[in-house]
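upload37.txt (compact mmCIF, C-alpha atoms) appears below.
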# COMPACT_ATOMS: atom_id res chain seq x y z
CA MET N 1 11.01 14.90 8.25
CA THR N 2 9.52 14.23 11.69
CA LYS N 3 8.22 10.73 12.11
CA LEU N 4 4.56 10.44 13.04
CA LYS N 5 4.08 9.23 16.58
CA PRO N 6 2.60 5.69 16.63
CA TRP N 7 -0.22 6.63 19.00
CA LEU N 8 -1.52 9.61 16.98
CA PRO N 9 -3.57 7.45 14.56
CA LEU N 10 -5.24 5.81 17.55
CA ILE N 11 -6.31 9.22 18.83
CA GLY N 12 -7.65 10.03 15.37
CA ILE N 13 -9.60 6.77 15.26
CA ALA N 14 -11.01 7.46 18.73
CA VAL N 15 -12.17 10.96 17.71
CA PHE N 16 -13.67 9.53 14.51
CA ALA N 17 -15.49 6.88 16.56
CA VAL N 18 -16.97 9.48 18.90
CA LEU N 19 -18.17 11.58 15.96
CA LEU N 20 -19.82 8.61 14.26
CA LEU N 21 -21.18 6.67 17.23
CA VAL N 22 -22.07 9.46 19.67
CA VAL N 23 -22.38 12.84 17.96
CA ALA N 24 -24.00 11.80 14.66
CA PRO N 25 -26.96 9.87 16.14
CA ALA N 26 -27.60 12.72 18.57
CA VAL N 27 -27.66 15.61 16.09
CA LEU N 28 -28.60 14.21 12.66
CA SER N 29 -32.06 13.53 11.31
CA MET N 30 -33.05 10.04 10.20
CA HIS N 31 -32.54 11.01 6.55
CA TRP N 32 -28.92 11.96 7.19
CA ILE N 33 -28.37 8.97 9.45
CA ASN N 34 -29.28 6.73 6.52
CA ASN N 35 -27.05 8.72 4.18
CA LEU N 36 -24.14 8.61 6.62
CA GLY N 37 -24.62 4.86 6.96
CA LYS N 38 -24.35 4.55 3.17
CA TYR N 39 -21.17 6.64 3.21
CA CYS N 40 -19.75 4.38 5.93
CA CYS N 41 -20.29 1.36 3.67
CA TRP N 42 -18.33 2.98 0.86
CA ALA N 43 -15.67 4.01 3.37
CA ILE N 44 -15.24 0.39 4.55
CA ALA N 45 -14.57 -0.70 0.95
CA ALA N 46 -12.23 2.28 0.50
CA VAL N 47 -10.15 1.37 3.56
CA GLY N 48 -9.46 -2.01 1.96
CA ILE N 49 -8.58 -0.35 -1.35
CA GLY N 50 -6.18 1.93 0.52
CA LEU N 51 -4.38 -1.15 1.88
CA ALA N 52 -4.18 -2.91 -1.50
CA TRP N 53 -3.51 0.13 -3.70
CA GLY N 54 -1.92 2.71 -1.44
CA ARG N 55 0.32 0.35 0.52
CA GLY N 56 0.60 -2.55 -1.94
CA GLY N 57 0.60 -0.77 -5.28
CA MET N 58 -2.25 -2.89 -6.71
CA LEU N 59 -4.79 -0.78 -8.64
CA VAL N 60 -7.90 -2.77 -7.75
CA LEU N 61 -10.47 -1.51 -10.26
CA GLY N 62 -12.82 -4.43 -9.71
CA GLN N 63 -13.84 -4.15 -6.07
CA GLY N 64 -17.42 -4.08 -7.26
CA VAL N 65 -17.12 -7.88 -7.60
CA PHE N 66 -16.60 -8.38 -3.88
CA PHE N 67 -19.01 -5.58 -2.97
CA GLY N 68 -21.58 -7.42 -5.07
CA LEU N 69 -20.88 -10.82 -3.48
CA GLY N 70 -21.62 -9.46 -0.02
CA ALA N 71 -24.54 -7.34 -1.20
CA TYR N 72 -26.37 -10.10 -3.06
CA ALA N 73 -25.73 -12.63 -0.28
CA MET N 74 -27.38 -10.25 2.19
CA ALA N 75 -30.14 -9.28 -0.26
CA MET N 76 -31.06 -12.91 -0.91
CA HIS N 77 -31.30 -13.56 2.83
CA LEU N 78 -33.42 -10.45 3.47
CA THR N 79 -35.67 -11.31 0.52
CA LEU N 80 -36.29 -14.82 1.86
CA GLU N 81 -36.80 -13.41 5.34
CA SER N 82 -39.67 -11.33 3.94
CA THR N 83 -41.11 -14.35 2.09
CA ALA N 84 -43.47 -16.90 3.61
CA PRO N 85 -41.87 -20.29 4.43
CA GLY N 86 -41.83 -22.41 1.30
CA GLY N 87 -42.92 -19.44 -0.82
CA LEU N 88 -41.27 -17.60 -3.69
CA PRO N 89 -39.99 -14.02 -3.77
CA VAL N 90 -42.41 -11.67 -5.49
CA PHE N 91 -40.22 -11.01 -8.53
CA MET N 92 -39.95 -14.75 -9.24
CA ILE N 93 -43.72 -15.15 -9.11
CA LEU N 94 -44.14 -12.33 -11.62
CA TYR N 95 -41.85 -14.01 -14.12
CA ASP N 96 -42.90 -17.63 -13.56
CA PRO N 97 -45.55 -18.47 -10.91
CA SER N 98 -44.98 -22.20 -11.33
CA ALA N 99 -41.21 -22.05 -10.85
CA SER N 100 -39.48 -23.42 -7.78
CA LEU N 101 -36.91 -21.61 -5.67
CA PRO N 102 -33.43 -21.98 -7.25
CA ALA N 103 -31.20 -24.38 -5.31
CA PHE N 104 -28.51 -21.78 -4.61
CA TRP N 105 -31.08 -19.55 -2.86
CA GLU N 106 -32.17 -22.13 -0.31
CA PRO N 107 -29.12 -21.99 2.04
CA PHE N 108 -29.55 -18.23 2.41
CA ARG N 109 -32.58 -18.78 4.62
CA SER N 110 -30.06 -19.44 7.38
CA ASP N 111 -28.60 -16.47 9.28
CA ALA N 112 -25.35 -18.31 9.98
CA PHE N 113 -24.89 -19.40 6.37
CA THR N 114 -25.48 -15.85 5.12
CA LEU N 115 -22.91 -14.35 7.48
CA ALA N 116 -20.42 -17.10 6.62
CA ALA N 117 -20.98 -16.51 2.89
CA ILE N 118 -20.38 -12.77 3.27
CA LEU N 119 -16.98 -13.49 4.82
CA LEU N 120 -15.88 -16.65 3.01
CA LEU N 121 -17.05 -16.05 -0.57
CA PRO N 122 -14.68 -13.08 -1.10
CA VAL N 123 -11.84 -15.03 0.53
CA ILE N 124 -12.34 -17.92 -1.91
CA VAL N 125 -12.82 -15.78 -5.03
CA ALA N 126 -10.03 -13.32 -4.20
CA GLY N 127 -7.75 -16.15 -3.08
CA VAL N 128 -8.13 -18.12 -6.31
CA LEU N 129 -8.02 -15.06 -8.55
CA GLY N 130 -5.14 -13.40 -6.72
CA TYR N 131 -3.08 -16.58 -6.62
CA ALA N 132 -3.52 -17.08 -10.37
CA LEU N 133 -2.54 -13.48 -11.17
CA PHE N 134 0.22 -12.78 -8.67
CA LYS N 135 2.02 -16.09 -9.18
CA ARG N 136 2.26 -15.19 -12.86
CA ARG N 137 3.59 -11.74 -11.89
CA ILE N 138 0.70 -9.91 -13.54
CA LYS N 139 0.61 -6.34 -12.28
CA GLY N 140 0.14 -2.74 -13.31
CA ALA N 141 -2.32 -1.93 -16.09
CA TYR N 142 -2.89 -5.60 -16.92
CA PHE N 143 -4.00 -6.35 -13.36
CA ALA N 144 -6.26 -3.28 -13.28
CA ILE N 145 -7.92 -4.18 -16.60
CA LEU N 146 -8.49 -7.80 -15.57
CA SER N 147 -10.01 -6.83 -12.23
CA GLN N 148 -12.35 -4.31 -13.83
CA ALA N 149 -13.35 -6.81 -16.52
CA LEU N 150 -14.52 -9.15 -13.75
CA ALA N 151 -16.75 -6.44 -12.29
CA VAL N 152 -18.30 -5.83 -15.70
CA ALA N 153 -18.77 -9.58 -16.24
CA LEU N 154 -20.52 -10.02 -12.88
CA ALA N 155 -22.86 -7.08 -13.56
CA VAL N 156 -23.73 -8.49 -17.02
CA LEU N 157 -24.30 -11.96 -15.54
CA ILE N 158 -26.72 -10.63 -12.94
CA SER N 159 -28.52 -8.47 -15.52
CA SER N 160 -29.05 -11.50 -17.76
CA THR N 161 -30.42 -13.79 -15.01
CA ILE N 162 -33.71 -11.98 -14.46
CA ARG N 163 -35.64 -14.92 -13.00
CA GLU N 164 -32.90 -15.84 -10.52
CA THR N 165 -31.53 -12.46 -9.40
CA GLY N 166 -34.05 -9.85 -10.52
CA GLY N 167 -31.87 -8.64 -13.40
CA ASP N 168 -31.46 -4.89 -13.86
CA THR N 169 -34.33 -4.25 -11.45
CA GLY N 170 -32.33 -5.85 -8.65
CA LEU N 171 -33.58 -6.97 -5.26
CA SER N 172 -35.51 -4.63 -2.99
CA ASP N 173 -38.53 -4.30 -0.69
CA PHE N 174 -36.77 -5.73 2.37
CA LYS N 175 -38.92 -5.77 5.48
CA TYR N 176 -36.73 -7.44 8.11
CA PHE N 177 -33.07 -7.47 9.10
CA PHE N 178 -32.35 -10.67 11.04
CA GLY N 179 -35.73 -10.43 12.73
CA TYR N 180 -35.77 -6.64 13.21
CA VAL N 181 -38.29 -4.50 11.32
CA LEU N 182 -36.35 -2.23 8.97
CA ASN N 183 -39.01 0.50 8.88
CA ASP N 184 -38.52 1.16 12.59
CA ASP N 185 -36.32 4.22 13.17
CA ALA N 186 -34.62 2.60 16.15
CA ASN N 187 -33.61 -0.36 13.99
CA LYS N 188 -32.35 1.96 11.26
CA VAL N 189 -30.10 3.61 13.83
CA MET N 190 -28.96 0.16 14.95
CA VAL N 191 -27.92 -0.78 11.39
CA PHE N 192 -26.09 2.54 11.07
CA MET N 193 -24.25 1.87 14.33
CA ILE N 194 -23.20 -1.55 13.03
CA ALA N 195 -21.82 0.01 9.84
CA ALA N 196 -20.01 2.78 11.73
CA SER N 197 -18.56 0.31 14.25
CA LEU N 198 -17.28 -1.97 11.48
CA LEU N 199 -15.69 1.04 9.78
CA ILE N 200 -13.81 1.80 13.00
CA LEU N 201 -12.75 -1.86 13.31
CA CYS N 202 -11.49 -1.85 9.70
CA LEU N 203 -9.45 1.29 10.40
CA LEU N 204 -7.95 -0.39 13.48
CA ALA N 205 -7.18 -3.55 11.50
CA VAL N 206 -5.41 -1.62 8.72
CA TRP N 207 -3.53 0.50 11.27
CA GLN N 208 -2.26 -2.68 12.93
CA LEU N 209 -1.33 -4.25 9.58
CA ASN N 210 0.53 -1.11 8.50
CA ARG N 211 2.70 -1.03 11.59
CA SER N 212 3.37 -4.78 11.59
CA ARG N 213 6.13 -6.63 9.77
CA PHE N 214 3.60 -7.51 7.07
CA GLY N 215 3.02 -3.79 6.45
CA GLU N 216 6.74 -3.22 6.00
CA LEU N 217 6.95 -6.16 3.59
CA LEU N 218 3.96 -4.82 1.65
CA ILE N 219 5.63 -1.42 1.17
CA ALA N 220 8.92 -3.08 0.26
CA THR N 221 7.11 -5.24 -2.30
CA ARG N 222 5.47 -2.17 -3.80
CA ASP N 223 8.75 -0.23 -4.08
CA ALA N 224 11.34 -2.95 -4.76
CA GLU N 225 9.64 -6.25 -5.58
CA GLU N 226 12.72 -7.92 -7.06
CA ARG N 227 14.82 -7.10 -4.04
CA VAL N 228 12.19 -8.58 -1.73
CA ARG N 229 12.20 -11.74 -3.84
CA PHE N 230 16.01 -11.85 -3.64
CA LEU N 231 15.77 -11.73 0.17
CA GLY N 232 13.74 -14.96 0.17
CA TYR N 233 10.19 -13.62 0.46
CA ASP N 234 7.49 -14.38 -2.12
CA PRO N 235 5.90 -11.06 -3.18
CA ALA N 236 2.90 -12.96 -4.58
CA ASN N 237 1.93 -14.19 -1.11
CA ILE N 238 2.34 -10.72 0.40
CA LYS N 239 0.14 -9.16 -2.28
CA LEU N 240 -2.39 -11.98 -1.96
CA VAL N 241 -2.97 -11.31 1.74
CA ALA N 242 -3.60 -7.59 1.13
CA TYR N 243 -5.88 -8.39 -1.82
CA VAL N 244 -7.96 -10.86 0.21
CA VAL N 245 -8.28 -8.45 3.15
CA ALA N 246 -9.48 -5.71 0.78
CA ALA N 247 -11.97 -8.15 -0.78
CA VAL N 248 -13.43 -9.10 2.62
CA MET N 249 -13.86 -5.42 3.54
CA ALA N 250 -15.63 -4.74 0.25
CA SER N 251 -17.96 -7.70 0.83
CA ILE N 252 -18.82 -6.48 4.35
CA ALA N 253 -19.50 -3.03 2.91
CA GLY N 254 -21.85 -4.48 0.30
CA ALA N 255 -23.69 -6.57 2.88
CA LEU N 256 -24.37 -3.51 5.05
CA PHE N 257 -25.26 -1.34 2.05
CA VAL N 258 -28.33 -3.49 1.33
CA PRO N 259 -30.37 -2.95 4.53
CA ILE N 260 -29.37 0.72 4.71
CA VAL N 261 -30.24 1.66 1.12
CA GLY N 262 -32.98 -0.94 0.66
CA ILE N 263 -32.03 -2.05 -2.85
CA ILE N 264 -29.15 -3.61 -4.78
CA THR N 265 -28.85 -3.62 -8.57
CA PRO N 266 -26.07 -4.48 -11.06
CA ALA N 267 -25.41 -0.74 -11.38
CA GLU N 268 -24.06 -0.72 -7.82
CA ILE N 269 -21.41 -3.35 -8.53
CA GLY N 270 -20.28 -2.69 -12.11
CA ALA N 271 -17.36 -0.75 -13.57
CA SER N 272 -18.74 2.71 -12.75
CA ALA N 273 -19.28 1.79 -9.10
CA SER N 274 -15.74 0.41 -8.85
CA ILE N 275 -14.34 3.60 -10.39
CA LEU N 276 -16.28 5.70 -7.86
CA MET N 277 -14.60 3.75 -5.05
CA ILE N 278 -11.17 4.34 -6.60
CA ALA N 279 -11.97 8.04 -7.10
CA GLY N 280 -12.79 8.44 -3.41
CA VAL N 281 -9.56 6.75 -2.36
CA ALA N 282 -7.52 8.89 -4.76
CA LEU N 283 -9.23 12.07 -3.53
CA GLY N 284 -8.60 11.36 0.14
CA GLY N 285 -5.10 9.94 -0.24
CA ARG N 286 -4.48 6.29 -0.97
CA ALA N 287 -1.35 5.92 1.17
CA SER N 288 -2.84 7.41 4.36
CA LEU N 289 -5.00 5.71 6.99
CA PHE N 290 -7.96 8.11 7.06
CA GLY N 291 -7.67 9.46 3.51
CA PRO N 292 -9.49 6.61 1.72
CA ALA N 293 -12.39 6.59 4.20
CA LEU N 294 -12.86 10.37 4.21
CA GLY N 295 -12.46 10.58 0.44
CA ALA N 296 -15.08 7.87 -0.11
CA MET N 297 -17.48 9.64 2.24
CA ALA N 298 -16.93 12.92 0.40
CA ILE N 299 -17.63 11.28 -2.98
CA GLY N 300 -20.71 9.62 -1.46
CA TRP N 301 -21.98 12.98 -0.23
CA GLY N 302 -21.40 14.50 -3.65
CA GLN N 303 -23.26 11.70 -5.38
CA SER N 304 -26.22 11.93 -2.98
CA SER N 305 -26.43 15.74 -3.03
CA LEU N 306 -25.19 16.94 -6.41
CA GLY N 307 -25.86 13.66 -8.20
CA SER N 308 -29.57 13.72 -7.34
CA SER N 309 -30.14 17.41 -8.13
CA TRP N 310 -27.72 17.72 -11.06
CA PRO N 311 -26.98 14.20 -12.37
CA ASP N 312 -25.42 15.28 -15.67
CA GLY N 313 -23.20 17.93 -14.13
CA TRP N 314 -22.11 15.70 -11.23
CA ILE N 315 -20.26 13.36 -13.59
CA TYR N 316 -18.28 16.30 -15.01
CA ILE N 317 -17.51 17.63 -11.54
CA LEU N 318 -16.28 14.20 -10.43
CA GLY N 319 -14.10 13.89 -13.53
CA LEU N 320 -12.66 17.38 -13.00
CA VAL N 321 -11.88 16.67 -9.35
CA PHE N 322 -10.18 13.40 -10.26
CA ILE N 323 -8.04 15.12 -12.94
CA LEU N 324 -7.02 17.96 -10.62
CA VAL N 325 -6.09 15.59 -7.82
CA THR N 326 -4.09 13.40 -10.20
CA LEU N 327 -2.18 16.38 -11.62
CA PHE N 328 -1.56 18.49 -8.53
CA LEU N 329 -2.10 16.17 -5.52
CA PRO N 330 -1.15 12.64 -6.62
CA MET N 331 -1.11 11.54 -2.97
CA GLY N 332 -4.58 13.01 -2.31
CA LEU N 333 -5.87 15.70 -0.01
CA SER N 334 -4.19 14.06 2.98
CA SER N 335 -0.82 15.16 1.57
CA LEU N 336 -1.85 18.80 2.17
CA PHE N 337 -1.51 18.20 5.90
CA ALA N 338 2.01 16.84 5.49
CA LYS N 339 2.98 19.75 3.24
CA ALA N 340 1.53 22.32 5.62
CA LYS N 341 3.29 20.66 8.55
CA GLY N 342 6.58 20.74 6.64
CA LEU N 343 6.19 24.46 5.91
CA VAL N 344 5.46 25.25 9.54
CA TRP N 345 8.01 22.99 11.25
CA ARG N 346 10.84 22.62 8.72
CA PRO N 347 13.98 24.55 9.77
CA ARG N 348 15.23 27.19 7.38
CA ASP N 349 18.22 25.18 6.14
CA THR N 350 16.28 21.92 5.69
CA PRO N 351 15.50 21.06 2.05
CA PRO N 352 11.90 20.20 1.11
CA ALA N 353 10.83 16.66 1.83
CA SER N 354 11.15 14.29 -1.11
CA LEU N 355 9.49 11.00 -1.83
CA PRO N 356 10.07 8.41 0.93
CA ASP N 357 13.15 6.26 0.51
CA PRO N 358 12.34 2.52 0.57
CA ALA N 359 15.85 1.71 1.86
CA PRO N 360 14.95 1.90 5.63
CA VAL N 361 12.02 -0.46 5.09
CA LEU N 362 14.18 -2.87 3.12
CA GLU N 363 16.87 -2.71 5.80
CA ARG N 364 14.32 -3.81 8.41
CA VAL N 365 13.17 -6.59 6.07
CA GLU N 366 16.79 -7.71 5.63
CA GLU N 367 17.53 -7.56 9.35
CA PRO N 368 16.55 -11.19 10.29
CA GLY N 369 18.73 -12.55 7.50
CA ARG N 370 21.65 -10.35 8.54
CA VAL N 371 21.35 -11.41 12.15
CA ALA N 372 21.28 -15.06 11.12
CA GLU N 373 24.48 -14.62 9.10
CA GLU N 374 26.24 -12.96 12.06
CA VAL N 375 25.19 -15.80 14.37
CA ALA N 376 26.46 -18.37 11.84
CA LYS N 377 29.85 -16.65 11.73
Starting from the coordinates I provided, produce the structure as structure tokens.
Amino acid sequence: MTKLKPWLPLIGIAVFAVLLLVVAPAVLSMHWINNLGKYCCWAIAAVGIGLAWGRGGMLVLGQGVFFGLGAYAMAMHLTLESTAPGGLPVFMILYDPSASLPAFWEPFRSDAFTLAAILLLPVIVAGVLGYALFKRRIKGAYFAILSQALAVALAVLISSTIRETGGDTGLSDFKYFFGYVLNDDANKVMVFMIAASLLILCLLAVWQLNRSRFGELLIATRDAEERVRFLGYDPANIKLVAYVVAAVMASIAGALFVPIVGIITPAEIGASASILMIAGVALGGRASLFGPALGAMAIGWGQSSLGSSWPDGWIYILGLVFILVTLFLPMGLSSLFAKAKGLVWRPRDTPPASLPDPAPVLERVEEPGRVAEEVAK
């Protein structure tokens, strides 16, 4: 099987960047600009899932936790930005006019603190959680169930704290975005451009990680964890890095989702939202670079178009698509390109391509140790 040239993904990212940053703002209406910005947010979270699940073998069913951390951090800041100095958000006044602003809200008046929280909160939560799970070698279905249970727990917690977080109603009615009026079309385009640019940066970051030594170790850990441990590497640390990176991307996606959509509720961060993210990644192809992003954007389009006009039927369509992809295209739609390329370019006597052999990756991982032994001799 012909090896993909290392510069081809860069060309793909460049074309994708031109389509998002140049073509889309020039040809799309403001309605579709907002929708595309929402799809970009889901795609950012999906790129991180592709790294953790597709390359690392960790079925992260609870990315809604980190999406919610970034979303609520941004929503609290935008709510306070629309509130008079020393005043209370409207929803708090409705529930208790004599109440004071909760202490954990106060720091979010600061732009710098909000941005730092969006980046550092998922690092802390994912770091502590991942360390506790991976060091105990929890993986597979147990890891997936635990991660999804956390997303459900966070959604229930927010729903039950009505006076502090708005409960099921959520936070909405944002007027400003770091000083810019959100109702202005030019500012809406600016927020979309930020989301699209960060999606491109996330693709570049994952591309670099995949081709680095860390990327090789991540694949080796996914395919032969015990052998990697035997070679002197700690698989828990390798998984932890990928898990934290995916968490940060999900938090960034949630933070951008808030000013684009204009509302955040527990429904956007619970189990169903996390499953939608996984469905998009599975549809596009979890092990590819562009598959997770394009799959998430396709699911987002389906939810916005079919979900709004046919909400009951959309759930069945999504379930059917997920079943068909799982049965017939376990590596997602991106595998169609590889299969078509193999049919076109494979010589007549060459057998069909099989699953990738982890031995070459493990040989590269073993190489430093082998060189050290030869030098010692």
For Val156 of chain N: contacts at 12 Å, all atoms listed in the file, fewer than 4 positions along chain excluded, given as JSON, numbers by chain: {"N": [65, 149, 150, 151, 152, 160, 161, 162, 165, 167, 168, 265, 266, 267, 269, 270, 271]}
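We find atom CA of Thr221 of chain N and atom CA of Ala293 of chain N to be spaced 23.7 Å apart.
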Two-atom distance - atom CA of Ile44 of chain N, atom CA of Ala255 of chain N (Å): 11.1 Å
Residues near Ala126 of chain N, cut-off 12 Å, all atoms listed in the file, skip fewer than 5 positions along chain, as a ChimeraX atom specification: /N:60,62-63,65-67,69,119-121,131-134,147,150,239-251
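Taking atom CA of Phe322 of chain N as the reference point, atom CA of Lys38 of chain N is found at 21.4 Å.
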Selected residue, from N:Phe104, N:Ile11, N:Ile260, N:Gly285, that lies nearest to Met193 of chain N when counting all atoms listed in the file: N:Ile260
Just need the box for segment 181-186 of chain N, edges along x, y and z, holding every atom the file lists for it with 6 Å tacked onto each side, so centre and edge lengths in Å to one decimal, as AutoDock Vina command-line options.
--center_x -36.8 --center_y -0.1 --center_z 12.5 --size_x 16.4 --size_y 20.7 --size_z 19.3
Distance criterion (only C-alpha atoms): nearest to Thr114 of chain N out of N:Ile145, N:Ile252, N:Val206, N:Val191: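 Using only C-alpha atoms, the shortest distance to Thr114 of chain N belongs to N:Ile252.
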Neighbour residues at most 9 Å from (-18.0, 3.7, -6.7) (only C-alpha atoms) as a VMD selection string: chain N and resid 42 63 to 64 268 to 280 296 299 to 300
Pick from N:Leu327, N:Ala73, N:Ala99, N:Ala52 nearest to Ile118 of chain N, counting all atoms listed in the file: N:Ala73
Sel. within 12 Å of pt (-30.4, -20.2, 5.7), counting only C-alpha atoms, output as an MDAnalysis selection string: chainID N and resid 73:74 76:81 85 103:117 178
Pick from N:Trp7, N:Gly130, N:Gly68, N:Leu88, whichever lies nearest to Arg211 of chain N using only C-alpha atoms: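 When distances to Arg211 of chain N are compared using only C-alpha atoms, the smallest one comes from N:Trp7.
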Nearest candidate to Ala17 of chain N (options N:Ser197, N:Met190, N:Ser288, N:Gly295; using all atoms listed in the file): N:Ser197
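Each of N:Ala46, N:Gly56, N:Ile263, N:Val189 was checked against Glu216 of chain N using only C-alpha atoms; the smallest atom-to-atom distance is that of N:Gly56.
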What's around Gly291 of chain N at 12 Å? Count all atoms listed in the file, leave out sequence neighbours fewer than 6 positions away in its own chain, and write the answer as a PDB file with C-alpha atoms, in the coordinates of the input.
ATOM      1  CA  PRO N   9      -3.570   7.450  14.560  1.00  0.00           C
ATOM      2  CA  GLY N  12      -7.650  10.030  15.370  1.00  0.00           C
ATOM      3  CA  ALA N  43     -15.670   4.010   3.370  1.00  0.00           C
ATOM      4  CA  ILE N  44     -15.240   0.390   4.550  1.00  0.00           C
ATOM      5  CA  ALA N  46     -12.230   2.280   0.500  1.00  0.00           C
ATOM      6  CA  VAL N  47     -10.150   1.370   3.560  1.00  0.00           C
ATOM      7  CA  GLY N  48      -9.460  -2.010   1.960  1.00  0.00           C
ATOM      8  CA  ILE N  49      -8.580  -0.350  -1.350  1.00  0.00           C
ATOM      9  CA  GLY N  50      -6.180   1.930   0.520  1.00  0.00           C
ATOM     10  CA  LEU N  51      -4.380  -1.150   1.880  1.00  0.00           C
ATOM     11  CA  GLY N  54      -1.920   2.710  -1.440  1.00  0.00           C
ATOM     12  CA  LEU N 203      -9.450   1.290  10.400  1.00  0.00           C
ATOM     13  CA  ILE N 278     -11.170   4.340  -6.600  1.00  0.00           C
ATOM     14  CA  ALA N 279     -11.970   8.040  -7.100  1.00  0.00           C
ATOM     15  CA  GLY N 280     -12.790   8.440  -3.410  1.00  0.00           C
ATOM     16  CA  VAL N 281      -9.560   6.750  -2.360  1.00  0.00           C
ATOM     17  CA  ALA N 282      -7.520   8.890  -4.760  1.00  0.00           C
ATOM     18  CA  LEU N 283      -9.230  12.070  -3.530  1.00  0.00           C
ATOM     19  CA  GLY N 284      -8.600  11.360   0.140  1.00  0.00           C
ATOM     20  CA  GLY N 285      -5.100   9.940  -0.240  1.00  0.00           C
ATOM     21  CA  MET N 297     -17.480   9.640   2.240  1.00  0.00           C
ATOM     22  CA  ALA N 298     -16.930  12.920   0.400  1.00  0.00           C
ATOM     23  CA  MET N 331      -1.110  11.540  -2.970  1.00  0.00           C
ATOM     24  CA  GLY N 332      -4.580  13.010  -2.310  1.00  0.00           C
ATOM     25  CA  LEU N 333      -5.870  15.700  -0.010  1.00  0.00           C
ATOM     26  CA  SER N 334      -4.190  14.060   2.980  1.00  0.00           C
ATOM     27  CA  SER N 335      -0.820  15.160   1.570  1.00  0.00           C
ATOM     28  CA  LEU N 336      -1.850  18.800   2.170  1.00  0.00           C
ATOM     29  CA  PHE N 337      -1.510  18.200   5.900  1.00  0.00           C
TER      30      PHE N 337
END
Residues near Leu36 of chain N, cut-off 9 Å, all atoms listed in the file, skip fewer than 2 positions along chain, as a PyMOL selection string: chain N and resi 20+24+31-34+38-41+192+196+297+300-301
Residue completion, segment 56-60 of chain N, all heavy atoms, as a CSV table (one decimal), keeping the file's coordinate frame:
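Dumped everything to selection-v2.csv:
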chain,number,residue,atom,x,y,z
N,56,GLY,N,0.1,-1.4,-1.1
N,56,GLY,CA,0.6,-2.6,-1.9
N,56,GLY,C,0.8,-2.3,-3.4
N,56,GLY,O,1.4,-3.1,-4.1
N,57,GLY,N,0.4,-1.1,-3.9
N,57,GLY,CA,0.6,-0.8,-5.3
N,57,GLY,C,-0.3,-1.5,-6.3
N,57,GLY,O,0.0,-1.5,-7.5
N,58,MET,N,-1.4,-2.1,-5.8
N,58,MET,CA,-2.2,-2.9,-6.7
N,58,MET,C,-3.5,-2.0,-7.0
N,58,MET,O,-4.3,-1.8,-6.1
N,58,MET,CB,-2.7,-4.2,-6.1
N,58,MET,CG,-1.6,-5.2,-5.8
N,58,MET,SD,-2.1,-6.6,-4.8
N,58,MET,CE,-2.1,-5.8,-3.1
N,59,LEU,N,-3.6,-1.6,-8.3
N,59,LEU,CA,-4.8,-0.8,-8.6
N,59,LEU,C,-6.0,-1.7,-8.8
N,59,LEU,O,-6.2,-2.3,-9.9
N,59,LEU,CB,-4.5,0.0,-9.9
N,59,LEU,CG,-5.6,0.9,-10.4
N,59,LEU,CD1,-6.0,1.9,-9.3
N,59,LEU,CD2,-5.1,1.7,-11.7
N,60,VAL,N,-6.8,-1.8,-7.8
N,60,VAL,CA,-7.9,-2.8,-7.8
N,60,VAL,C,-9.1,-2.1,-8.3
N,60,VAL,O,-9.9,-1.5,-7.6
N,60,VAL,CB,-8.1,-3.3,-6.3
N,60,VAL,CG1,-7.1,-4.4,-6.0
N,60,VAL,CG2,-8.1,-2.2,-5.3
